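K.L.:
Got a structure for you, run-v6.cif, holding mmCIF, C-alpha atoms.
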data_my_file
#
loop_
_atom_site.group_PDB
_atom_site.id
_atom_site.type_symbol
_atom_site.label_atom_id
_atom_site.label_comp_id
_atom_site.auth_asym_id
_atom_site.auth_seq_id
_atom_site.Cartn_x
_atom_site.Cartn_y
_atom_site.Cartn_z
ATOM 1 C CA MET A 1 26.728 68.532 43.441
ATOM 2 C CA ALA A 2 26.336 68.982 47.187
ATOM 3 C CA GLU A 3 23.363 71.259 46.653
ATOM 4 C CA GLY A 4 21.762 68.758 44.264
ATOM 5 C CA TYR A 5 22.289 65.948 46.776
ATOM 6 C CA LYS A 6 20.636 67.973 49.502
ATOM 7 C CA GLN A 7 17.655 68.825 47.317
ATOM 8 C CA GLY A 8 17.252 65.176 46.348
ATOM 9 C CA PHE A 9 17.075 63.910 49.919
ATOM 10 C CA THR A 10 15.583 66.704 52.055
ATOM 11 C CA SER A 11 12.825 68.272 49.997
ATOM 12 C CA ASP A 12 10.212 69.777 52.294
ATOM 13 C CA LEU A 13 6.837 68.950 50.752
ATOM 14 C CA ALA A 14 4.814 70.683 53.412
ATOM 15 C CA THR A 15 6.250 74.183 53.607
ATOM 16 C CA GLN A 16 3.101 75.738 52.223
ATOM 17 C CA THR A 17 0.624 73.648 54.212
ATOM 18 C CA ARG A 18 2.257 73.190 57.617
ATOM 19 C CA PRO A 19 0.193 74.892 60.360
ATOM 20 C CA ARG A 20 1.870 77.894 61.941
ATOM 21 C CA HIS A 21 1.528 77.823 65.706
ATOM 22 C CA ARG A 22 3.634 80.072 67.862
ATOM 23 C CA PHE A 23 2.168 78.610 71.042
ATOM 24 C CA LEU A 24 0.672 75.209 71.805
ATOM 25 C CA PRO A 25 -0.871 73.906 75.056
ATOM 26 C CA SER A 26 1.242 71.585 77.155
ATOM 27 C CA ALA A 27 0.791 67.943 76.111
ATOM 28 C CA ALA A 28 2.880 64.967 77.201
ATOM 29 C CA LEU A 29 5.316 63.699 74.592
ATOM 30 C CA PRO A 30 6.212 59.995 74.384
ATOM 31 C CA ALA A 31 9.504 59.317 76.113
ATOM 32 C CA ASP A 32 10.971 57.185 73.328
ATOM 33 C CA LEU A 33 10.733 59.698 70.483
ATOM 34 C CA PRO A 34 14.031 60.506 68.736
ATOM 35 C CA ARG A 35 15.188 64.110 68.658
ATOM 36 C CA GLY A 36 14.785 66.252 65.591
ATOM 37 C CA ARG A 37 12.837 64.927 62.651
ATOM 38 C CA VAL A 38 10.855 61.798 63.455
ATOM 39 C CA PRO A 39 10.338 59.063 60.832
ATOM 40 C CA ILE A 40 6.734 58.022 60.277
ATOM 41 C CA ALA A 41 7.312 54.536 61.713
ATOM 42 C CA ASP A 42 8.667 55.981 64.972
ATOM 43 C CA MET A 43 5.852 58.540 65.076
ATOM 44 C CA ALA A 44 3.202 55.851 64.683
ATOM 45 C CA ASN A 45 4.773 53.547 67.277
ATOM 46 C CA ALA A 46 5.292 56.316 69.833
ATOM 47 C CA PHE A 47 1.691 57.534 69.697
ATOM 48 C CA GLY A 48 0.110 54.118 69.221
ATOM 49 C CA VAL A 49 -1.509 54.897 65.864
ATOM 50 C CA THR A 50 -1.223 53.534 62.338
ATOM 51 C CA HIS A 51 0.447 55.107 59.329
ATOM 52 C CA ARG A 52 -3.029 55.537 57.872
ATOM 53 C CA THR A 53 -4.086 57.573 60.904
ATOM 54 C CA LEU A 54 -1.137 59.919 60.430
ATOM 55 C CA HIS A 55 -1.995 60.310 56.745
ATOM 56 C CA PHE A 56 -5.584 61.074 57.777
ATOM 57 C CA TYR A 57 -4.424 63.831 60.139
ATOM 58 C CA GLU A 58 -2.311 65.235 57.326
ATOM 59 C CA GLU A 59 -5.326 65.269 55.000
ATOM 60 C CA LYS A 60 -7.271 67.182 57.651
ATOM 61 C CA GLY A 61 -4.492 69.766 57.903
ATOM 62 C CA LEU A 62 -3.660 68.935 61.519
ATOM 63 C CA ILE A 63 -0.064 67.871 60.907
ATOM 64 C CA SER A 64 2.265 67.850 57.930
ATOM 65 C CA ALA A 65 5.175 65.734 56.754
ATOM 66 C CA SER A 66 8.473 66.287 54.977
ATOM 67 C CA ARG A 67 10.577 63.731 53.162
ATOM 68 C CA ILE A 68 14.127 62.513 53.417
ATOM 69 C CA GLY A 69 14.464 60.505 50.263
ATOM 70 C CA LEU A 70 11.479 58.135 50.258
ATOM 71 C CA MET A 71 10.977 58.345 54.020
ATOM 72 C CA ARG A 72 8.271 60.564 55.478
ATOM 73 C CA VAL A 73 9.409 62.507 58.537
ATOM 74 C CA TYR A 74 7.809 64.954 60.949
ATOM 75 C CA GLU A 75 9.301 68.153 62.288
ATOM 76 C CA PRO A 76 9.382 68.825 66.064
ATOM 77 C CA GLY A 77 6.424 71.217 65.712
ATOM 78 C CA ASP A 78 4.347 68.479 64.094
ATOM 79 C CA VAL A 79 5.321 66.094 66.874
ATOM 80 C CA MET A 80 4.050 68.620 69.427
ATOM 81 C CA ARG A 81 0.836 69.033 67.442
ATOM 82 C CA MET A 82 0.435 65.265 67.336
ATOM 83 C CA ALA A 83 0.815 65.099 71.118
ATOM 84 C CA LEU A 84 -2.028 67.594 71.460
ATOM 85 C CA ILE A 85 -4.158 65.768 68.879
ATOM 86 C CA ASN A 86 -3.591 62.497 70.712
ATOM 87 C CA ALA A 87 -4.658 64.032 74.019
ATOM 88 C CA CYS A 88 -7.810 65.409 72.408
ATOM 89 C CA ARG A 89 -8.654 62.085 70.776
ATOM 90 C CA GLU A 90 -8.181 60.235 74.072
ATOM 91 C CA ALA A 91 -10.704 62.667 75.572
ATOM 92 C CA GLY A 92 -13.109 61.667 72.811
ATOM 93 C CA MET A 93 -13.086 64.928 70.855
ATOM 94 C CA ALA A 94 -14.235 64.743 67.250
ATOM 95 C CA VAL A 95 -11.733 65.536 64.521
ATOM 96 C CA ALA A 96 -13.786 68.576 63.466
ATOM 97 C CA VAL A 97 -13.566 69.918 67.029
ATOM 98 C CA ILE A 98 -9.792 69.397 67.033
ATOM 99 C CA GLN A 99 -9.549 71.231 63.711
ATOM 100 C CA ASP A 100 -11.416 74.197 65.188
ATOM 101 C CA LEU A 101 -9.147 74.167 68.236
ATOM 102 C CA MET A 102 -6.017 74.077 66.081
ATOM 103 C CA ASN A 103 -7.294 76.975 63.983
ATOM 104 C CA ASP A 104 -8.000 79.005 67.124
ATOM 105 C CA LEU A 105 -4.534 78.201 68.478
ATOM 106 C CA ILE A 106 -2.922 79.777 65.417
ATOM 107 C CA GLU A 107 -4.236 83.104 66.715
ATOM 108 C CA ALA A 108 -2.945 82.545 70.272
ATOM 109 C CA ASP A 109 -0.481 85.317 71.102
ATOM 110 C CA SER A 110 0.868 83.780 74.322
ATOM 111 C CA GLN A 111 1.313 80.445 76.060
ATOM 112 C CA GLU A 112 -1.347 81.448 78.553
ATOM 113 C CA ALA A 113 -3.821 82.117 75.750
ATOM 114 C CA ALA A 114 -3.076 78.710 74.218
ATOM 115 C CA GLU A 115 -3.573 76.954 77.559
ATOM 116 C CA THR A 116 -6.876 78.805 78.062
ATOM 117 C CA LEU A 117 -8.172 77.730 74.656
ATOM 118 C CA PHE A 118 -7.315 74.111 75.408
ATOM 119 C CA ARG A 119 -8.898 74.289 78.854
ATOM 120 C CA ASP A 120 -12.097 75.735 77.380
ATOM 121 C CA ALA A 121 -12.225 72.862 74.889
ATOM 122 C CA LEU A 122 -11.778 70.350 77.719
ATOM 123 C CA VAL A 123 -14.525 72.003 79.781
ATOM 124 C CA THR A 124 -16.872 71.754 76.802
ATOM 125 C CA ARG A 125 -15.993 68.089 76.372
ATOM 126 C CA LYS A 126 -16.597 67.480 80.071
ATOM 127 C CA ARG A 127 -20.111 68.922 79.724
ATOM 128 C CA GLU A 128 -20.743 66.633 76.753
ATOM 129 C CA LEU A 129 -19.570 63.594 78.709
ATOM 130 C CA SER A 130 -21.746 64.559 81.679
ATOM 131 C CA ALA A 131 -24.754 64.769 79.374
ATOM 132 C CA GLU A 132 -23.900 61.373 77.884
ATOM 133 C CA MET A 133 -23.541 59.859 81.355
ATOM 134 C CA SER A 134 -26.915 61.288 82.351
ATOM 135 C CA THR A 135 -28.489 59.735 79.258
ATOM 136 C CA LEU A 136 -26.848 56.375 79.960
ATOM 137 C CA HIS A 137 -28.036 56.516 83.561
ATOM 138 C CA ARG A 138 -31.633 57.117 82.440
ATOM 139 C CA GLN A 139 -31.386 54.285 79.941
ATOM 140 C CA MET A 140 -29.996 51.977 82.612
ATOM 141 C CA GLN A 141 -32.876 52.861 84.912
ATOM 142 C CA GLN A 142 -35.328 52.146 82.113
ATOM 143 C CA VAL A 143 -33.789 48.735 81.468
ATOM 144 C CA ASN A 144 -33.894 47.892 85.172
ATOM 145 C CA GLU A 145 -37.527 48.949 85.429
ATOM 146 C CA LEU A 146 -38.466 46.848 82.410
ATOM 147 C CA LEU A 147 -36.664 43.835 83.847
ATOM 148 C CA ASP A 148 -38.260 44.372 87.253
ATOM 149 C CA ASN A 149 -41.726 44.724 85.738
ATOM 150 C CA GLU A 150 -41.233 41.613 83.625
ATOM 151 C CA ALA A 151 -40.197 39.590 86.645
ATOM 152 C CA THR A 152 -42.983 40.962 88.820
ATOM 153 C CA ASP A 153 -45.748 40.450 86.265
ATOM 154 C CA ASP A 154 -44.906 36.798 85.601
ATOM 155 C CA GLN A 155 -43.452 35.758 88.943
ATOM 156 C CA PRO A 156 -45.348 32.673 90.161
ATOM 157 C CA LEU A 157 -43.625 32.792 93.535
ATOM 158 C CA ASN A 158 -44.271 34.937 96.602
ATOM 159 C CA ASP A 159 -44.424 38.539 95.344
ATOM 160 C CA ASN A 160 -43.814 39.835 98.869
ATOM 161 C CA GLN A 161 -40.391 38.273 99.002
ATOM 162 C CA GLY A 162 -37.705 40.916 98.887
ATOM 163 C CA ALA A 163 -34.249 40.577 97.415
ATOM 164 C CA SER A 164 -32.098 38.457 99.706
ATOM 165 C CA PRO A 165 -28.310 38.604 100.001
ATOM 166 C CA LEU A 166 -26.423 35.856 98.224
ATOM 167 C CA THR A 167 -24.261 33.367 100.068
ATOM 168 C CA ASP A 168 -20.636 32.877 99.059
ATOM 169 C CA GLN A 169 -21.571 29.666 97.272
ATOM 170 C CA GLU A 170 -24.421 31.416 95.444
ATOM 171 C CA LEU A 171 -22.069 34.194 94.365
ATOM 172 C CA ARG A 172 -19.656 31.626 92.948
ATOM 173 C CA CYS A 173 -22.499 29.871 91.201
ATOM 174 C CA LEU A 174 -23.811 33.171 89.796
ATOM 175 C CA ALA A 175 -20.381 34.057 88.429
ATOM 176 C CA LEU A 176 -20.229 30.676 86.681
ATOM 177 C CA MET A 177 -23.735 31.184 85.312
ATOM 178 C CA ALA A 178 -22.726 34.573 83.951
ATOM 179 C CA ALA A 179 -19.683 32.936 82.341
ATOM 180 C CA GLY A 180 -22.075 30.685 80.394
ATOM 181 C CA LEU A 181 -21.425 27.395 82.187
ATOM 182 C CA SER A 182 -24.184 24.789 82.122
ATOM 183 C CA THR A 183 -25.694 23.420 85.305
ATOM 184 C CA GLN A 184 -23.703 20.205 84.880
ATOM 185 C CA ARG A 185 -20.397 22.085 84.524
ATOM 186 C CA ILE A 186 -21.262 24.284 87.504
ATOM 187 C CA ALA A 187 -21.889 21.137 89.518
ATOM 188 C CA ARG A 188 -18.457 19.757 88.602
ATOM 189 C CA THR A 189 -16.736 23.084 89.274
ATOM 190 C CA LEU A 190 -18.339 23.468 92.698
ATOM 191 C CA ASP A 191 -18.003 19.726 93.438
ATOM 192 C CA LEU A 192 -21.757 19.348 93.914
ATOM 193 C CA PRO A 193 -24.308 16.777 92.784
ATOM 194 C CA ASN A 194 -26.273 17.926 89.753
ATOM 195 C CA ASP A 195 -29.479 18.228 91.786
ATOM 196 C CA ASP A 196 -27.781 20.450 94.364
ATOM 197 C CA ALA A 197 -26.365 22.687 91.625
ATOM 198 C CA GLN A 198 -29.802 22.958 90.040
ATOM 199 C CA ASN A 199 -31.341 23.879 93.405
ATOM 200 C CA LEU A 200 -28.602 26.459 93.906
ATOM 201 C CA GLU A 201 -29.436 28.056 90.561
ATOM 202 C CA SER A 202 -33.137 28.016 91.358
ATOM 203 C CA GLY A 203 -32.501 29.774 94.658
ATOM 204 C CA ILE A 204 -30.503 32.497 92.883
ATOM 205 C CA ILE A 205 -33.289 32.988 90.348
ATOM 206 C CA VAL A 206 -35.807 33.362 93.188
ATOM 207 C CA LYS A 207 -33.641 35.921 94.991
ATOM 208 C CA PHE A 208 -33.471 38.055 91.850
ATOM 209 C CA ARG A 209 -37.241 37.620 91.366
ATOM 210 C CA ALA A 210 -36.528 36.362 87.846
ATOM 211 C CA ASN A 211 -38.179 33.710 85.720
ATOM 212 C CA ASN A 212 -35.018 32.029 84.488
ATOM 213 C CA ARG A 213 -31.242 32.077 84.728
ATOM 214 C CA PHE A 214 -30.895 34.589 81.893
ATOM 215 C CA GLN A 215 -33.077 37.195 83.618
ATOM 216 C CA ALA A 216 -31.203 36.592 86.875
ATOM 217 C CA ILE A 217 -27.839 37.082 85.165
ATOM 218 C CA ALA A 218 -29.065 40.233 83.394
ATOM 219 C CA GLN A 219 -30.225 41.775 86.674
ATOM 220 C CA ALA A 220 -27.023 40.764 88.434
ATOM 221 C CA VAL A 221 -24.975 42.470 85.724
ATOM 222 C CA MET A 222 -27.120 45.622 85.870
ATOM 223 C CA LEU A 223 -26.719 45.763 89.641
ATOM 224 C CA GLY A 224 -22.975 45.199 89.425
ATOM 225 C CA VAL A 225 -23.083 41.919 91.338
ATOM 226 C CA VAL A 226 -21.185 40.158 88.546
ATOM 227 C CA GLN A 227 -19.314 41.285 85.448
ATOM 228 C CA VAL A 228 -19.320 39.730 82.014
#
Could you quickly redo this structure as structure tokens?
P.N.:
Amino acid sequence: MAEGYKQGFTSDLATQTRPRHRFLPSAALPADLPRGRVPIADMANAFGVTHRTLHFYEEKGLISASRIGLMRVYEPGDVMRMALINACREAGMAVAVIQDLMNDLIEADSQEAAETLFRDALVTRKRELSAEMSTLHRQMQQVNELLDNEATDDQPLNDNQGASPLTDQELRCLALMAAGLSTQRIARTLDLPNDDAQNLESGIIVKFRANNRFQAIAQAVMLGVVQV
């Protein structure tokens, strides 16, 4: 009877599929994880993922689950693998890349070898991010040039006028413009007559060599003067 009870409540469904890693790179474990087997609800809460995400990682062979009755649980080794997976995902690694890393780690014959494999994967990801940043920088430059050309080509005002620094009041007005407030609401917020608020906006548009408030806001965002 005791043996039957044990088989009914602790059948290990993943014995054949659980990855075999002797060594894993160091990865921070959540502080609130219970010891021993971890129920799926606790696993999901600790790592900030959904049950569906955990099932997805199981389908990809990255982790595996056992059962205690109807409850899915994870062994300590799977918790450690999940910590590594989570670190990789936060670095933006694709699931296929993580699968390759996990497969390579199975062959690691020492902790040092495992750490080296993980470091190499991080170095590769860093190169990818640097390339992406370079691309974004070029695209940002292109957008700025297009905006500058558009303002210069159609600017009816003095083309020799350079960009002037904004006053504190103009900066406040610009922030309200970027927040989508109308001229009338800006006037009430700044305690100004409507005409003064409109003149304030016009002065900001001139300083950004723009044709309208939307171009001025776009350039201010690109230059980091305001955030939206």
K.L.:
What separation in Å, quoted to one decimal, exists between CA of Met82 in chain A and CA of Leu62 in chain A?
P.N.:
8.0 Å
K.L.:
When you look at Thr116 in chain A with a cut-off of 12 Å (counting all atoms listed in the file), what residues show up, excluding the ones that are within fewer than 3 positions of it in the same chain? I need them as a PyMOL selection string.
P.N.:
chain A and resi 23-26+101+104-105+108-113+119-123
K.L.:
Between CA of Pro30 in chain A and CA of Phe47 in chain A, what distance in Å does the model show, to one decimal?
P.N.:
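CA of Pro30 in chain A sits 7.0 Å away from CA of Phe47 in chain A.
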K.L.:
Using all atoms listed in the file, which of A:Ile40, A:Ala87, A:Ala114, A:Met222 sits nearest Gln142 in chain A?
P.N.:
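Looking only at the distances to Gln142 in chain A, the closest residue turns out to be A:Met222.
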K.L.:
Can you list what the PyMOL selection byres ((chain A and resi 220) around 12) grabs from this structure, as number ranges by chain?
P.N.:
A: 144, 147-148, 163, 165-166, 170-171, 174-175, 177-178, 204-205, 207-210, 213-219, 221-228
K.L.:
Using only C-alpha atoms for the distances, tell me which of A:Leu33, A:Met93, A:Gln198, A:Met43 is nearest to Asn212 in chain A.
P.N.:
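Between A:Leu33, A:Met93, A:Gln198, A:Met43, the residue approaching Asn212 in chain A most closely is A:Gln198.
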K.L.:
Which residue out of A:Arg35, A:Arg172, A:His21, A:Arg127 has the minimum interatomic distance to Ala197 in chain A when all atoms listed in the file are used?
P.N.:
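So, comparing all the options, the nearest one is A:Arg172.
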K.L.:
Quick check on the file I pasted: which residues fall under the PyMOL selection byres ((chain A and resi 85) around 9)? Write them as a PDB file with C-alpha atoms, keeping the file's coordinate frame.
P.N.:
ATOM      1  CA  TYR A  57      -4.424  63.831  60.139  1.00  0.00           C
ATOM      2  CA  LEU A  62      -3.660  68.935  61.519  1.00  0.00           C
ATOM      3  CA  MET A  80       4.050  68.620  69.427  1.00  0.00           C
ATOM      4  CA  ARG A  81       0.836  69.033  67.442  1.00  0.00           C
ATOM      5  CA  MET A  82       0.435  65.265  67.336  1.00  0.00           C
ATOM      6  CA  ALA A  83       0.815  65.099  71.118  1.00  0.00           C
ATOM      7  CA  LEU A  84      -2.028  67.594  71.460  1.00  0.00           C
ATOM      8  CA  ASN A  86      -3.591  62.497  70.712  1.00  0.00           C
ATOM      9  CA  ALA A  87      -4.658  64.032  74.019  1.00  0.00           C
ATOM     10  CA  CYS A  88      -7.810  65.409  72.408  1.00  0.00           C
ATOM     11  CA  ARG A  89      -8.654  62.085  70.776  1.00  0.00           C
ATOM     12  CA  GLU A  90      -8.181  60.235  74.072  1.00  0.00           C
ATOM     13  CA  VAL A  95     -11.733  65.536  64.521  1.00  0.00           C
ATOM     14  CA  ILE A  98      -9.792  69.397  67.033  1.00  0.00           C
ATOM     15  CA  MET A 102      -6.017  74.077  66.081  1.00  0.00           C
TER      16      MET A 102
END
K.L.:
Hey, can you check how far CA of Ile106 in chain A sits from CA of Ala91 in chain A?
P.N.:
21.4 Å
K.L.:
Quick one: apply the PyMOL selection byres ((chain A and resi 72) around 6) to the file and drop the selected residues here as a PyMOL selection string.
P.N.:
chain A and resi 39-40+66-67+71+73
K.L.:
With a distance cut-off of 9 Å and all atoms listed in the file, select the neighbouring residues of Leu176 in chain A, excluding the residue or stretch itself and same-chain residues fewer than 4 positions from it, and output the selection as a short mmCIF file (atom, residue, chain, number, x, y, z; two decimals) with C-alpha atoms, in the frame of the given file.
P.N.:
data_model
loop_
_atom_site.label_atom_id
_atom_site.label_comp_id
_atom_site.auth_asym_id
_atom_site.auth_seq_id
_atom_site.Cartn_x
_atom_site.Cartn_y
_atom_site.Cartn_z
CA LEU A 171 -22.07 34.19 94.36
CA ARG A 172 -19.66 31.63 92.95
CA GLY A 180 -22.08 30.68 80.39
CA LEU A 181 -21.42 27.40 82.19
CA SER A 182 -24.18 24.79 82.12
CA ARG A 185 -20.40 22.08 84.52
CA ILE A 186 -21.26 24.28 87.50
CA THR A 189 -16.74 23.08 89.27
#
K.L.:
Would you fill the gaps in range 72-83 of chain A so it has N, CA, C and O atoms, then print it as a PDB file, keeping the file's coordinate frame?
P.N.:
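Contents of selection_18.pdb, freshly written:
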ATOM      1  N   ARG A  72       9.031  59.435  54.941  1.00  0.00           N
ATOM      2  CA  ARG A  72       8.271  60.564  55.478  1.00  0.00           C
ATOM      3  C   ARG A  72       8.749  60.839  56.894  1.00  0.00           C
ATOM      4  O   ARG A  72       8.900  59.917  57.710  1.00  0.00           O
ATOM      5  N   VAL A  73       8.957  62.114  57.201  1.00  0.00           N
ATOM      6  CA  VAL A  73       9.409  62.507  58.537  1.00  0.00           C
ATOM      7  C   VAL A  73       8.576  63.688  59.014  1.00  0.00           C
ATOM      8  O   VAL A  73       7.969  64.401  58.223  1.00  0.00           O
ATOM      9  N   TYR A  74       8.573  63.882  60.330  1.00  0.00           N
ATOM     10  CA  TYR A  74       7.809  64.954  60.949  1.00  0.00           C
ATOM     11  C   TYR A  74       8.740  65.863  61.739  1.00  0.00           C
ATOM     12  O   TYR A  74       9.602  65.388  62.475  1.00  0.00           O
ATOM     13  N   GLU A  75       8.514  67.164  61.571  1.00  0.00           N
ATOM     14  CA  GLU A  75       9.301  68.153  62.288  1.00  0.00           C
ATOM     15  C   GLU A  75       8.879  68.187  63.761  1.00  0.00           C
ATOM     16  O   GLU A  75       7.790  67.731  64.124  1.00  0.00           O
ATOM     17  N   PRO A  76       9.739  68.737  64.644  1.00  0.00           N
ATOM     18  CA  PRO A  76       9.382  68.825  66.064  1.00  0.00           C
ATOM     19  C   PRO A  76       8.037  69.500  66.314  1.00  0.00           C
ATOM     20  O   PRO A  76       7.280  69.089  67.198  1.00  0.00           O
ATOM     21  N   GLY A  77       7.715  70.542  65.531  1.00  0.00           N
ATOM     22  CA  GLY A  77       6.424  71.217  65.712  1.00  0.00           C
ATOM     23  C   GLY A  77       5.259  70.301  65.423  1.00  0.00           C
ATOM     24  O   GLY A  77       4.223  70.341  66.107  1.00  0.00           O
ATOM     25  N   ASP A  78       5.407  69.433  64.410  1.00  0.00           N
ATOM     26  CA  ASP A  78       4.347  68.479  64.094  1.00  0.00           C
ATOM     27  C   ASP A  78       4.232  67.409  65.169  1.00  0.00           C
ATOM     28  O   ASP A  78       3.141  66.919  65.454  1.00  0.00           O
ATOM     29  N   VAL A  79       5.353  67.051  65.767  1.00  0.00           N
ATOM     30  CA  VAL A  79       5.321  66.094  66.874  1.00  0.00           C
ATOM     31  C   VAL A  79       4.549  66.689  68.049  1.00  0.00           C
ATOM     32  O   VAL A  79       3.729  66.015  68.686  1.00  0.00           O
ATOM     33  N   MET A  80       4.778  67.956  68.338  1.00  0.00           N
ATOM     34  CA  MET A  80       4.050  68.620  69.427  1.00  0.00           C
ATOM     35  C   MET A  80       2.559  68.706  69.110  1.00  0.00           C
ATOM     36  O   MET A  80       1.712  68.511  69.973  1.00  0.00           O
ATOM     37  N   ARG A  81       2.242  68.995  67.832  1.00  0.00           N
ATOM     38  CA  ARG A  81       0.836  69.033  67.442  1.00  0.00           C
ATOM     39  C   ARG A  81       0.204  67.647  67.582  1.00  0.00           C
ATOM     40  O   ARG A  81      -0.931  67.516  68.024  1.00  0.00           O
ATOM     41  N   MET A  82       0.955  66.626  67.220  1.00  0.00           N
ATOM     42  CA  MET A  82       0.435  65.265  67.336  1.00  0.00           C
ATOM     43  C   MET A  82       0.177  64.897  68.788  1.00  0.00           C
ATOM     44  O   MET A  82      -0.795  64.202  69.109  1.00  0.00           O
ATOM     45  N   ALA A  83       1.033  65.364  69.690  1.00  0.00           N
ATOM     46  CA  ALA A  83       0.815  65.099  71.118  1.00  0.00           C
ATOM     47  C   ALA A  83      -0.504  65.725  71.583  1.00  0.00           C
ATOM     48  O   ALA A  83      -1.267  65.120  72.338  1.00  0.00           O
TER      49      ALA A  83
END
